[in-house]
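Novice: Dumping the structure here so I can ask a few things about it.
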Amino acid sequence: MSQPPNAQQAAYWNEQAGPTWVDMVDPLDRQLAPLGRAAMRALALRPSEAVLDVGCGAGATTLELAQQVGAAGRATGVDISRPLLETARRRAERLANVEFLEADGQSHPFPPASYDALFSRFGVMFFAEPTVAFANLRRALKAGGRMAFVCWQASSANPIMTLPMQAALAHVPAPPPPADPTAPGPFAFADADRLRGILDAAGFRDVVITPHLEKIGSGDLETALAVSLKVGPLGALLRENPDQRDAVIAAVRAALSAHDGPDGVRLDSATWIVTANNPG
């Protein structure tokens, strides 16, 4: 029997990344919130609209979207990570206009033409078949419905993602580069031309991909250090090289401290704010 198309990502976000994100949910939300809000501004929700939050994670974005559409509107978050959705449901237990689905946005049979808008904060780069996924999501949009999401530009343009690893590599060997840089992962949509082609092929129109540059951070130095050591590939390198743990931690702390200020550690980020419409 063949596996579902995103089985590898489902396993990763349920068994590895999801529990880690739950442990670090507040600093991670603090770090990513400004970028999500940039996409929300582009989406420009109106009261009473229905919005689908794709890859909603622990639900912070879904709650903001629900507030924007008001009690007469509806915000639905969809994700494949049960640990993250459990946190999301706890956060929203008193809100009547919020619901969460444990489902794969690539294949879930959303009711056709049931949403005015689609949104995502870093939740759409993990599909095994992105054109198929976006075509499925587009069918959930009403005719004339709109989409806005934020995704990462290239890793080289994102010290917020790469600086800790660069500091650590003075003491541990570098992990192998990805065999396919367009494979599902944080930087799968770094190439704007490729992303535009995917959205065009999925049936979206009026695609606009706008660069967005902003310094962001998860909090003070110790918080930023904890996030850096636990989230992403650096944690795996530390587990593989336990004898270098103290040296790596010292190197990462020194690198982050150079960017510490009154608002905590803040580093450059480079993202795309993507908007598009469903022609119906």
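Convention: chains lettered A, B, ... in structure tokens order; per-chain residue numbering from 1; ligands numbered from 1 as shown.
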How close does stretch 32-113 of chain A get to stretch 201-210 of chain A? List, as a Markdown table, each residue of stretch 32-113 of chain A within 12 Å, its nearest atom pair and the distance in Å to one decimal, counting only C-alpha atoms.
Specialist:
```
| residue | atom | partner | partner_atom | distance |
| --- | --- | --- | --- | --- |
| A:Ala38 | CA | A:Thr210 | CA | 10.8 |
| A:Ala39 | CA | A:Thr210 | CA | 10.3 |
| A:Ala42 | CA | A:Thr210 | CA | 10.2 |
| A:Leu43 | CA | A:Val208 | CA | 11.9 |
| A:Gln106 | CA | A:Ala202 | CA | 11.7 |
```
Novice: Could the residues in this selection be saved with all heavy atoms as a JSON list (two decimals), in the first residue's frame?
Specialist:
```
[["chain", "number", "residue", "atom", "x", "y", "z"],
["A", 38, "ALA", "N", 2.33, 41.09, 8.41],
["A", 38, "ALA", "CA", 2.56, 41.71, 7.10],
["A", 38, "ALA", "C", 1.68, 41.05, 6.04],
["A", 38, "ALA", "O", 1.11, 41.72, 5.17],
["A", 38, "ALA", "CB", 4.03, 41.61, 6.72],
["A", 39, "ALA", "N", 1.57, 39.73, 6.10],
["A", 39, "ALA", "CA", 0.70, 39.02, 5.16],
["A", 39, "ALA", "C", -0.78, 39.31, 5.45],
["A", 39, "ALA", "O", -1.59, 39.41, 4.52],
["A", 39, "ALA", "CB", 0.97, 37.52, 5.21],
["A", 42, "ALA", "N", -1.79, 42.46, 3.84],
["A", 42, "ALA", "CA", -1.99, 42.28, 2.40],
["A", 42, "ALA", "C", -3.33, 41.60, 2.12],
["A", 42, "ALA", "O", -3.96, 41.85, 1.09],
["A", 42, "ALA", "CB", -0.84, 41.46, 1.82],
["A", 43, "LEU", "N", -3.75, 40.71, 3.01],
["A", 43, "LEU", "CA", -5.02, 40.01, 2.82],
["A", 43, "LEU", "C", -6.22, 40.93, 3.06],
["A", 43, "LEU", "O", -7.25, 40.81, 2.39],
["A", 43, "LEU", "CB", -5.09, 38.80, 3.76],
["A", 43, "LEU", "CG", -6.23, 37.81, 3.56],
["A", 43, "LEU", "CD1", -6.19, 37.20, 2.16],
["A", 43, "LEU", "CD2", -6.16, 36.72, 4.61],
["A", 106, "GLN", "N", -3.18, 19.52, 1.10],
["A", 106, "GLN", "CA", -2.99, 19.07, -0.28],
["A", 106, "GLN", "C", -4.14, 18.20, -0.76],
["A", 106, "GLN", "O", -4.51, 18.26, -1.93],
["A", 106, "GLN", "CB", -1.68, 18.30, -0.42],
["A", 106, "GLN", "CG", -1.43, 17.76, -1.83],
["A", 106, "GLN", "CD", -0.03, 17.20, -1.99],
["A", 106, "GLN", "OE1", 0.94, 17.83, -1.59],
["A", 106, "GLN", "NE2", 0.07, 16.03, -2.60]]
```
Novice: If we count only C-alpha atoms, what is near A:Ala11 at a cut-off of 10 Å, once residues fewer than 6 positions away on the same chain are taken out, given as a PDB file with N, CA and C atoms, in the first residue's frame?
Specialist:
```
ATOM      1  N   ALA A  17       9.197  17.792  14.984  1.00  0.00           N
ATOM      2  CA  ALA A  17       9.088  19.255  15.005  1.00  0.00           C
ATOM      3  C   ALA A  17       7.908  19.741  15.832  1.00  0.00           C
ATOM      4  N   GLY A  18       6.766  19.053  15.744  1.00  0.00           N
ATOM      5  CA  GLY A  18       5.591  19.519  16.471  1.00  0.00           C
ATOM      6  C   GLY A  18       5.810  19.626  17.963  1.00  0.00           C
ATOM      7  N   ILE A  80      -1.304  19.399   9.918  1.00  0.00           N
ATOM      8  CA  ILE A  80      -1.125  17.948  10.026  1.00  0.00           C
ATOM      9  C   ILE A  80      -0.507  17.543  11.360  1.00  0.00           C
ATOM     10  N   SER A  81      -0.168  18.518  12.200  1.00  0.00           N
ATOM     11  CA  SER A  81       0.519  18.233  13.459  1.00  0.00           C
ATOM     12  C   SER A  81      -0.453  18.199  14.627  1.00  0.00           C
TER      13      SER A  81
END
```
Novice: Neighbours of A:Asn136 within 9 Å (only C-alpha atoms; same-chain residues fewer than 4 positions away dropped), as a list in words?
Specialist: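 Those residues are Gly105, Gln106, Ser107, His108, Pro109, Phe110, Thr131, Val132, Ala140 and Ala202 of chain A.
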Novice: Using only C-alpha atoms, find the one residue out of A:Met165, A:Ala226, A:Gly217, A:Asp180 that sits nearest to A:Arg30.
Specialist: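 Comparing A:Met165, A:Ala226, A:Gly217, A:Asp180 against A:Arg30, the winner is A:Gly217.
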Novice: Against stretch 112-118 of chain A, which residues of stretch 73-104 of chain A fall within 12 Å? For each one I want the closest pair of atoms and the distance in Å (one decimal), counting only C-alpha atoms, rows by chain and increasing residue number, as JSON lines.
Specialist:
```
{"residue": "A:Gly73", "atom": "CA", "partner": "A:Asp116", "partner_atom": "CA", "distance": 10.1}
{"residue": "A:Arg74", "atom": "CA", "partner": "A:Tyr115", "partner_atom": "CA", "distance": 9.0}
{"residue": "A:Ala75", "atom": "CA", "partner": "A:Tyr115", "partner_atom": "CA", "distance": 9.3}
{"residue": "A:Thr76", "atom": "CA", "partner": "A:Tyr115", "partner_atom": "CA", "distance": 9.3}
{"residue": "A:Gly77", "atom": "CA", "partner": "A:Leu118", "partner_atom": "CA", "distance": 10.1}
{"residue": "A:Val78", "atom": "CA", "partner": "A:Leu118", "partner_atom": "CA", "distance": 11.0}
```
